[in-house]
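*Asks:* Before I ask anything, here is the structure I am working with.
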Amino acid sequence: MKSQVLLSARQVGKSFVHQGQPRWACRGVSFDLYPGEVLAVVGESGSGKSTLLRLLAARHACDEGSVHYDVQTESGNEPTGLVNLAGMSEARLRWLARTDWGFVEQHARDGLRMNVSGGANIGERLMALGARHYENLRGEAIAWMQRVELDTGRIDDLPATYSGGMQQRLQIARNLVTHPRLVFMDEPTTGLDVSVQARLLDLLRELVDELQLAAVVVTHDLAVARLLAQRMLVMKDGCVVEQGLTDRLLDDPQHPYTQLLVSSVLTP
Amino acid sequence: MIDSNYNFAFLDERTKKRIRRALLKAVAVPGYQVPFGSREMPFAYGWGTGGVQITASIIGRADVLKVIDQGADDTTNAVNIRRFFARTTGVKTTEKTAEATLIQTRHRIPELPLTASQILIYQVPLPEPLTKLEPSRQETIKMHALSEYGLMHVRLYEDIAQLGAITRAYDYPVMVNERYLMSPSPIPKFDNPKMHMNPALQLFGAGREKRLYAIPPYTPVRSLDFEDHPFEIQRWDHACALCGSVDSYLDEMIVDDEGSRLFVCSDSDYCEERRDAGHVGGQQAVHLHDALATPVINSTTTLQEAA
Amino acid sequence: MYVAVKGGAAAIESSWRLLEDQRRGDTAMAALTVAQIQEQLSLAVDRVMSEGSLYDPELAALAIKQSSGDLVEAIFLLRAYRTTLPRLGYALPLDTARIALLRRISATFKEVPGGQMLGPTYDYTQRLLDFTLLVEGEHRDASAPSSNPSNKLSEAGIAVHRGPLPTVPRINDLLAREGLLETPQPEMVAPPGDLTRDPLMFPADRALRLQALARGDEGWLLAMGYSTQRGYANSHPFAGEIRRGFVSVALVPDELGFEIDIGDLEITECQMINQFSGSREVPPQFTQGYGLAFGGSERKTMAMALVDRSLRADELGETRTAPAQDAEFVLSHADNVEASGFVQHLKLPHYVDFQAELELVRKLRTSHAMAKKENT
């Protein structure tokens, strides 16, 4: 089981039409992701990394190539092997997104229900799966709030009253409550204060470790990649220019663009 | 007696056929909202055109029709609709629930249990149970198709978290046949249990929104709740002032300037049948106190209390 | 002792009598005739026909008389009547290029083939109340051209023995021929849906949207159209052409298998020319919005054309930023028969539901009180 590929991207690409010409937002991306492994996708804005994330999470259809995921049956016992996401029904994809996957948005507002309380946000996935015991739901919400270091006294407060860092923690809790095996993260710490970022990264690292999460983390910040990811893809203009072990890439970059990125990081 | 300028029951036969076909679809998929080509009727949209179109499509010469609004036959809109059918069909009308084969209703289910030879037709203003959470019909169609009802449960959780209880008193959402989330129309939640496993066919018409739906006989209907906050119906501390009933839904009436209240059965036929059978009520006006106004609360005698 | 109050039926009958008294007014005055309404309140009649979706000026006038001038109520009467009418078939599309014109203007060119014809319009009047109209009796200038001023057909020059209608090419067609104006085609091969038979579902194609706009409330569409001019999704409109006149209606009856002319309709048609779109590869063209209504309902057709254009946002690849571009929002609330019914239904008794809410509020207040008591 441990050596079974969880997520496989095969020559994945997405194009769009700009001024009458087809242009590729990303193209020719391939990798295999294993359970418990974290992959960072690094690049500047416009590199295609966010588009890639959305293709992997089946939010867009691939124009080229395919994405495969090791879907479990609903009972979670027998692995079915890699399934092409393009062949899955919308119902099944939405179910997958609510159970075995998480998606942490860059702006917490996009990933939370802003008009219901923190507790309701965390409990939603469980309720969608049929959980119908109020106190149990509340207990789960409290447990998760503690785990992501949120003040449990704020359980009935609306997310708009939370700070940016707290909203991100709430978003993480909301996604992890169904014990997904794979989490997509789109710039999870960007836009937060530096100290808040650091604490959030520590939390993410702990959670990934403790829960054996696999993750694909999009970031323009090499420090995030170094801290969280075992492996890394470097993207420029829609293509992967270099990929491999994070440590090796950062210590000994081969491609000129990677070298440029690494050299421009301000050392603390 | 019948107005011969119009077809039997006003609608032309082709229109009736289309509505019946939609009804068949609705019966085949309990709780699912079937779109239909609703026609302008001689009543304003919002005043029962959906219910009227369903009744008009299924009424036959041998039927006996009862029409109620707020549980009573004598409310002005019920009178208006009953006259419309009398005029366009010549069919016998009645105020007695037991005698009726078709019952068109707004906001109540009759107290007397229905039988397999009766059809209950509900007037529905807003057929979409998710409408206050998601106004777009395109979105809600998808949510029903994919059984994505998490949003509704989140709302109920939130009610309990913020206010201590689910705050739906009427139009309380139900799961029909454990598949479709349905709006039972603005009946008080008191009436929800009557829909479950009812021997009668229950049809729901929303004319303005152009949808109809159905609960076939003996279909499970479950009001949404939490295991530890179970669904409960309204209860009164008072009996009906006229017939003494303690089991029926009561209307509250203010009878003097000091705010004395009198409680009377909402279902006028039920109350009359009880009085005919010899039951008598206490005719007692009561005073109700605001729970938060008086320092000492005697919750058993003067206030309504949840069972 | 309390006794259940009965008498709803009697109350209703009294209300009918009072309503009839209100409608008739002072019996010392002559009653309005339907013919007078048809002739002298013709623009009201036109609106009722357009939104009532039924072209019958006499019936529309009757509805206005019956509803004491409440046009939304009159529209409702006409629609309810329409439900009872048998459907014989579908007419062929109106050819508005073949038209006996009463009025024809274009804001986009100074000179146009066929000329600009002002016709009867308020546009160049000063809006001063004309108190001479308070005086009874004839007030018309004796030197007026038509011998029979109430006969619009003769004003338009249609003789009793009719020949074919003159063809007046549309300015939009001339621009389109030059490739300057888009010529959108219907998206599907199947015949257009029928809004009067099937419920409106979204996404709705343009044919259905236009049907909904044609019978939509003028006030609502006016407001929506106005919003597009004020920055809520601006499309830089120009009035390419507005024409009003008589066109003929043709039908191919099953029994005959060929086209027959069954009569004339007065219509107003507005074609707006809007923001051009294009790119380096696709040469730019102007886009259009369309409005059509019965009679002289010019404001309606102009508003309709603005909203038609704004609802084409998705089709033309424009980002939706404004309410007037949201078809579900605009069209779900455009029908004033539906809107009036539902808004006014709040007058119906709702005391059973209110009772349920009372019970709930009391219960919650009791819980609060008990909690308070426990905490003290």
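Within each chain, counting starts at residue 1; across the structure tokens, chains are named A, B, ... in the order shown, with ligands numbered 1 upward in that order.
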Run DSSP on the backbone and tell me which residues of stretch 40-250 of chain A come out as helix (DSSP H, G or I); list them as a PyMOL selection string.

*Replies:* chain A and resi 49-56+85-87+90-99+108-111+118-128+134-147+152-154+159-161+164-176+194-211+222-228+246-250

*Asks:* Could the residues in this selection be written to a file with C-alpha atoms, as a short mmCIF file (atom, residue, chain, number, x, y, z; two decimals), in the first residue's frame?

*Replies:*
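Written out: again_10.cif:
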```cif
data_model
loop_
_atom_site.label_atom_id
_atom_site.label_comp_id
_atom_site.auth_asym_id
_atom_site.auth_seq_id
_atom_site.Cartn_x
_atom_site.Cartn_y
_atom_site.Cartn_z
CA LYS A 49 1.16 26.85 -11.12
CA SER A 50 -2.34 27.77 -9.99
CA THR A 51 -3.81 26.42 -13.22
CA LEU A 52 -1.92 23.19 -12.64
CA LEU A 53 -3.38 22.91 -9.15
CA ARG A 54 -6.87 23.34 -10.48
CA LEU A 55 -6.29 20.70 -13.13
CA LEU A 56 -5.06 18.27 -10.49
CA LEU A 85 -10.46 11.87 -13.19
CA ALA A 86 -11.81 12.74 -16.61
CA GLY A 87 -13.86 9.58 -16.55
CA GLU A 90 -19.48 15.12 -11.48
CA ALA A 91 -21.27 13.57 -8.52
CA ARG A 92 -18.30 11.33 -7.75
CA LEU A 93 -15.81 14.17 -8.13
CA ARG A 94 -17.79 16.38 -5.78
CA TRP A 95 -17.97 13.54 -3.27
CA LEU A 96 -14.22 13.07 -3.56
CA ALA A 97 -13.65 16.76 -3.02
CA ARG A 98 -15.72 16.60 0.16
CA THR A 99 -14.13 13.52 1.66
CA ALA A 108 -9.80 32.03 3.35
CA ARG A 109 -13.00 33.75 2.29
CA ASP A 110 -13.05 31.57 -0.83
CA GLY A 111 -12.77 28.40 1.18
CA GLY A 118 -16.57 28.50 12.90
CA GLY A 119 -18.13 25.39 14.37
CA ALA A 120 -20.58 25.07 11.49
CA ASN A 121 -17.75 25.47 9.01
CA ILE A 122 -15.82 22.61 10.54
CA GLY A 123 -18.88 20.41 10.95
CA GLU A 124 -20.21 20.87 7.41
CA ARG A 125 -18.41 17.99 5.76
CA LEU A 126 -19.46 15.67 8.54
CA MET A 127 -23.05 16.80 8.21
CA ALA A 128 -22.90 16.27 4.46
CA TYR A 134 -25.23 18.01 17.50
CA GLU A 135 -23.01 17.57 20.55
CA ASN A 136 -20.74 15.14 18.71
CA LEU A 137 -20.38 17.61 15.86
CA ARG A 138 -19.59 20.29 18.33
CA GLY A 139 -17.08 18.01 20.03
CA GLU A 140 -15.35 17.35 16.72
CA ALA A 141 -15.26 21.05 15.98
CA ILE A 142 -13.74 21.81 19.37
CA ALA A 143 -11.15 19.05 18.97
CA TRP A 144 -10.09 20.35 15.60
CA MET A 145 -9.99 23.94 16.76
CA GLN A 146 -7.62 22.84 19.48
CA ARG A 147 -5.51 20.97 16.99
CA THR A 152 -12.39 27.19 21.17
CA GLY A 153 -14.36 29.98 22.79
CA ARG A 154 -14.73 31.42 19.28
CA PRO A 159 -15.31 33.82 10.42
CA ALA A 160 -15.39 37.50 9.55
CA THR A 161 -14.51 38.20 13.18
CA GLY A 164 -6.45 36.35 8.63
CA GLY A 165 -4.25 33.75 10.28
CA MET A 166 -7.17 32.37 12.25
CA GLN A 167 -9.29 32.14 9.13
CA GLN A 168 -6.60 30.06 7.47
CA ARG A 169 -6.45 27.75 10.47
CA LEU A 170 -10.22 27.43 10.34
CA GLN A 171 -10.01 26.61 6.66
CA ILE A 172 -7.44 23.93 7.36
CA ALA A 173 -9.58 22.39 10.10
CA ARG A 174 -12.63 22.46 7.82
CA ASN A 175 -10.72 20.49 5.20
CA LEU A 176 -9.06 17.97 7.48
CA VAL A 194 5.62 37.05 8.49
CA SER A 195 5.34 35.84 12.06
CA VAL A 196 1.86 34.47 11.44
CA GLN A 197 3.19 32.73 8.34
CA ALA A 198 5.93 31.08 10.29
CA ARG A 199 3.55 29.73 12.92
CA LEU A 200 1.12 28.51 10.28
CA LEU A 201 3.89 26.73 8.43
CA ASP A 202 4.93 24.99 11.62
CA LEU A 203 1.34 23.88 12.13
CA LEU A 204 1.10 22.61 8.57
CA ARG A 205 4.32 20.69 8.93
CA GLU A 206 3.09 19.06 12.14
CA LEU A 207 -0.26 18.14 10.65
CA VAL A 208 1.25 16.70 7.49
CA ASP A 209 3.58 14.63 9.59
CA GLU A 210 1.01 13.48 12.14
CA LEU A 211 -1.76 12.70 9.68
CA LEU A 222 11.02 28.91 -1.68
CA ALA A 223 11.14 28.92 2.10
CA VAL A 224 7.68 27.35 2.19
CA ALA A 225 8.86 24.71 -0.25
CA ARG A 226 11.94 23.95 1.80
CA LEU A 227 9.99 23.66 5.01
CA LEU A 228 7.08 21.56 3.83
CA THR A 246 13.66 19.91 -2.69
CA ASP A 247 16.94 19.87 -0.87
CA ARG A 248 18.89 19.04 -3.97
CA LEU A 249 17.13 21.66 -6.11
CA LEU A 250 17.68 24.38 -3.57
#
```

*Asks:* Considering only C-alpha atoms, give me a table of residues in chain B that are at most 9 Å from chain A, with the closest atom pair and distance in Å for each, as CSV.

*Replies:*
```
residue,atom,partner,partner_atom,distance
B:Ala145,CA,A:Ala91,CA,8.7
B:Leu146,CA,A:Ala91,CA,5.8
B:Ser147,CA,A:Ala91,CA,9.0
B:Glu148,CA,A:Ala128,CA,7.0
B:Tyr149,CA,A:Ala128,CA,6.5
B:Gly150,CA,A:Ala128,CA,4.2
B:Leu151,CA,A:Glu124,CA,7.5
B:His153,CA,A:Met127,CA,6.4
B:Val154,CA,A:Ala120,CA,5.9
B:Arg155,CA,A:Val116,CA,7.7
B:Tyr157,CA,A:Ala120,CA,6.6
B:Glu158,CA,A:Ala120,CA,6.3
B:Ile160,CA,A:Tyr134,CA,8.6
B:Ala161,CA,A:Asp156,CA,6.5
B:Gln162,CA,A:Asp156,CA,7.0
B:Asp225,CA,A:Arg132,CA,7.4
B:Phe226,CA,A:Arg132,CA,4.8
B:Glu227,CA,A:His133,CA,5.0
B:Asp228,CA,A:His133,CA,5.8
B:His229,CA,A:Tyr134,CA,7.1
```

*Asks:* Write the residues you've just listed into a file as a PDB file, in the first residue's frame, and include C-alpha atoms for each of them.

*Replies:*
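Contents of part.pdb, freshly written:
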```pdb
ATOM      1  CA  ALA B 145     -29.592  15.977  -8.289  1.00  0.00           C
ATOM      2  CA  LEU B 146     -26.410  15.318  -6.332  1.00  0.00           C
ATOM      3  CA  SER B 147     -28.158  15.011  -2.953  1.00  0.00           C
ATOM      4  CA  GLU B 148     -25.990  17.835  -1.644  1.00  0.00           C
ATOM      5  CA  TYR B 149     -28.013  18.915   1.355  1.00  0.00           C
ATOM      6  CA  GLY B 150     -25.140  19.791   3.666  1.00  0.00           C
ATOM      7  CA  LEU B 151     -26.061  23.455   3.441  1.00  0.00           C
ATOM      8  CA  HIS B 153     -27.953  20.886   7.925  1.00  0.00           C
ATOM      9  CA  VAL B 154     -25.387  23.605   8.448  1.00  0.00           C
ATOM     10  CA  ARG B 155     -28.239  26.088   8.761  1.00  0.00           C
ATOM     11  CA  TYR B 157     -26.739  23.520  13.316  1.00  0.00           C
ATOM     12  CA  GLU B 158     -26.268  27.266  13.230  1.00  0.00           C
ATOM     13  CA  ILE B 160     -29.032  25.673  17.596  1.00  0.00           C
ATOM     14  CA  ALA B 161     -25.587  27.203  18.097  1.00  0.00           C
ATOM     15  CA  GLN B 162     -26.874  30.766  18.051  1.00  0.00           C
ATOM     16  CA  ASP B 225     -33.282  17.240  13.036  1.00  0.00           C
ATOM     17  CA  PHE B 226     -30.324  16.209  15.133  1.00  0.00           C
ATOM     18  CA  GLU B 227     -30.322  13.055  17.252  1.00  0.00           C
ATOM     19  CA  ASP B 228     -29.829  15.099  20.389  1.00  0.00           C
ATOM     20  CA  HIS B 229     -32.137  17.900  19.279  1.00  0.00           C
TER      21      HIS B 229
END
```

*Asks:* Should the cut-off be 7 Å, what would the residue list for chain C against chain B look like, counting only C-alpha atoms, as a list of chain:residue names?

*Replies:*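 Per the criterion, chain C yields C:Met1, C:Lys6, C:Gly8, C:Ala9, C:Ile12, C:Arg79, C:Ala80, C:Thr83, C:Thr84, C:Arg197, C:Asp198, C:Pro199, C:Phe202, C:Val337, C:Glu338, C:Gly341, C:Phe342, C:His345, C:Val352, C:Asp353, C:Gln355, C:Ala356, C:Glu357, C:Glu359, C:Leu360, C:Lys363, C:Arg365, C:Thr366, C:Ala369.
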
*Asks:* Write the selection just made, keeping N, CA and C atoms, as a tab-separated table (two decimals), in the first residue's frame?

*Replies:*
```tsv
chain	number	residue	atom	x	y	z
C	1	MET	N	-69.70	35.00	25.48
C	1	MET	CA	-69.21	33.69	25.02
C	1	MET	C	-68.73	33.80	23.59
C	6	LYS	N	-68.78	33.23	11.38
C	6	LYS	CA	-68.95	32.81	10.00
C	6	LYS	C	-69.37	34.01	9.18
C	8	GLY	N	-67.84	34.63	5.84
C	8	GLY	CA	-66.87	34.98	4.82
C	8	GLY	C	-67.52	35.17	3.47
C	9	ALA	N	-68.46	34.28	3.15
C	9	ALA	CA	-69.11	34.36	1.83
C	9	ALA	C	-69.86	35.68	1.69
C	12	ILE	N	-67.54	38.57	1.11
C	12	ILE	CA	-67.04	38.62	-0.26
C	12	ILE	C	-68.06	39.29	-1.16
C	79	ARG	N	-54.47	38.14	-19.45
C	79	ARG	CA	-53.73	36.88	-19.43
C	79	ARG	C	-54.63	35.72	-19.00
C	80	ALA	N	-55.48	35.97	-18.02
C	80	ALA	CA	-56.37	34.91	-17.56
C	80	ALA	C	-57.32	34.53	-18.68
C	83	THR	N	-55.74	32.28	-21.30
C	83	THR	CA	-55.65	30.87	-20.93
C	83	THR	C	-56.80	30.06	-21.52
C	84	THR	N	-57.95	30.71	-21.66
C	84	THR	CA	-59.12	29.94	-22.11
C	84	THR	C	-59.21	29.82	-23.62
C	197	ARG	N	-46.29	28.12	-22.76
C	197	ARG	CA	-46.65	26.72	-22.54
C	197	ARG	C	-45.72	26.03	-21.55
C	198	ASP	N	-44.44	26.37	-21.60
C	198	ASP	CA	-43.46	25.68	-20.77
C	198	ASP	C	-42.82	26.66	-19.80
C	199	PRO	N	-42.46	26.18	-18.60
C	199	PRO	CA	-41.85	27.09	-17.63
C	199	PRO	C	-40.46	27.52	-18.09
C	202	PHE	N	-33.36	27.97	-16.62
C	202	PHE	CA	-32.09	28.64	-16.94
C	202	PHE	C	-30.97	27.61	-17.06
C	337	VAL	N	-47.52	39.99	-13.49
C	337	VAL	CA	-48.65	39.20	-13.00
C	337	VAL	C	-48.18	38.32	-11.84
C	338	GLU	N	-47.01	37.71	-12.02
C	338	GLU	CA	-46.45	36.91	-10.94
C	338	GLU	C	-46.07	37.78	-9.75
C	341	GLY	N	-49.07	39.26	-7.87
C	341	GLY	CA	-49.77	38.22	-7.13
C	341	GLY	C	-49.05	37.88	-5.85
C	342	PHE	N	-47.74	37.67	-5.97
C	342	PHE	CA	-47.03	37.21	-4.80
C	342	PHE	C	-46.86	38.31	-3.76
C	345	HIS	N	-50.13	38.69	-2.09
C	345	HIS	CA	-50.66	37.54	-1.36
C	345	HIS	C	-50.40	37.68	0.13
C	352	VAL	N	-51.93	31.14	11.03
C	352	VAL	CA	-51.47	29.83	11.50
C	352	VAL	C	-49.94	29.83	11.61
C	353	ASP	N	-49.27	30.34	10.59
C	353	ASP	CA	-47.81	30.39	10.63
C	353	ASP	C	-47.34	31.38	11.68
C	355	GLN	N	-48.84	32.13	14.39
C	355	GLN	CA	-49.05	31.43	15.67
C	355	GLN	C	-47.85	30.51	15.97
C	356	ALA	N	-47.38	29.82	14.93
C	356	ALA	CA	-46.25	28.92	15.12
C	356	ALA	C	-45.01	29.71	15.53
C	357	GLU	N	-44.82	30.86	14.94
C	357	GLU	CA	-43.67	31.71	15.28
C	357	GLU	C	-43.81	32.25	16.71
C	359	GLU	N	-45.29	30.86	19.18
C	359	GLU	CA	-45.00	29.78	20.12
C	359	GLU	C	-43.49	29.60	20.26
C	360	LEU	N	-42.80	29.68	19.14
C	360	LEU	CA	-41.36	29.49	19.17
C	360	LEU	C	-40.67	30.62	19.93
C	363	LYS	N	-41.19	30.27	23.57
C	363	LYS	CA	-40.40	29.16	24.12
C	363	LYS	C	-38.95	29.58	24.31
C	365	ARG	N	-37.82	32.59	24.70
C	365	ARG	CA	-37.72	33.57	25.78
C	365	ARG	C	-37.80	32.88	27.14
C	366	THR	N	-38.59	31.82	27.23
C	366	THR	CA	-38.65	31.05	28.47
C	366	THR	C	-37.30	30.44	28.77
C	369	ALA	N	-35.06	33.00	30.10
C	369	ALA	CA	-35.42	33.38	31.47
C	369	ALA	C	-34.95	32.32	32.45
```

*Asks:* Quick one: everything within 7 Å of C:Leu210, counting only C-alpha atoms, minus sequence neighbours fewer than 4 positions away in the same chain. Send it as a list in words.

*Replies:*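 Counting only the stated atoms, we get Arg206, Ala214 and Asp308 of chain C.
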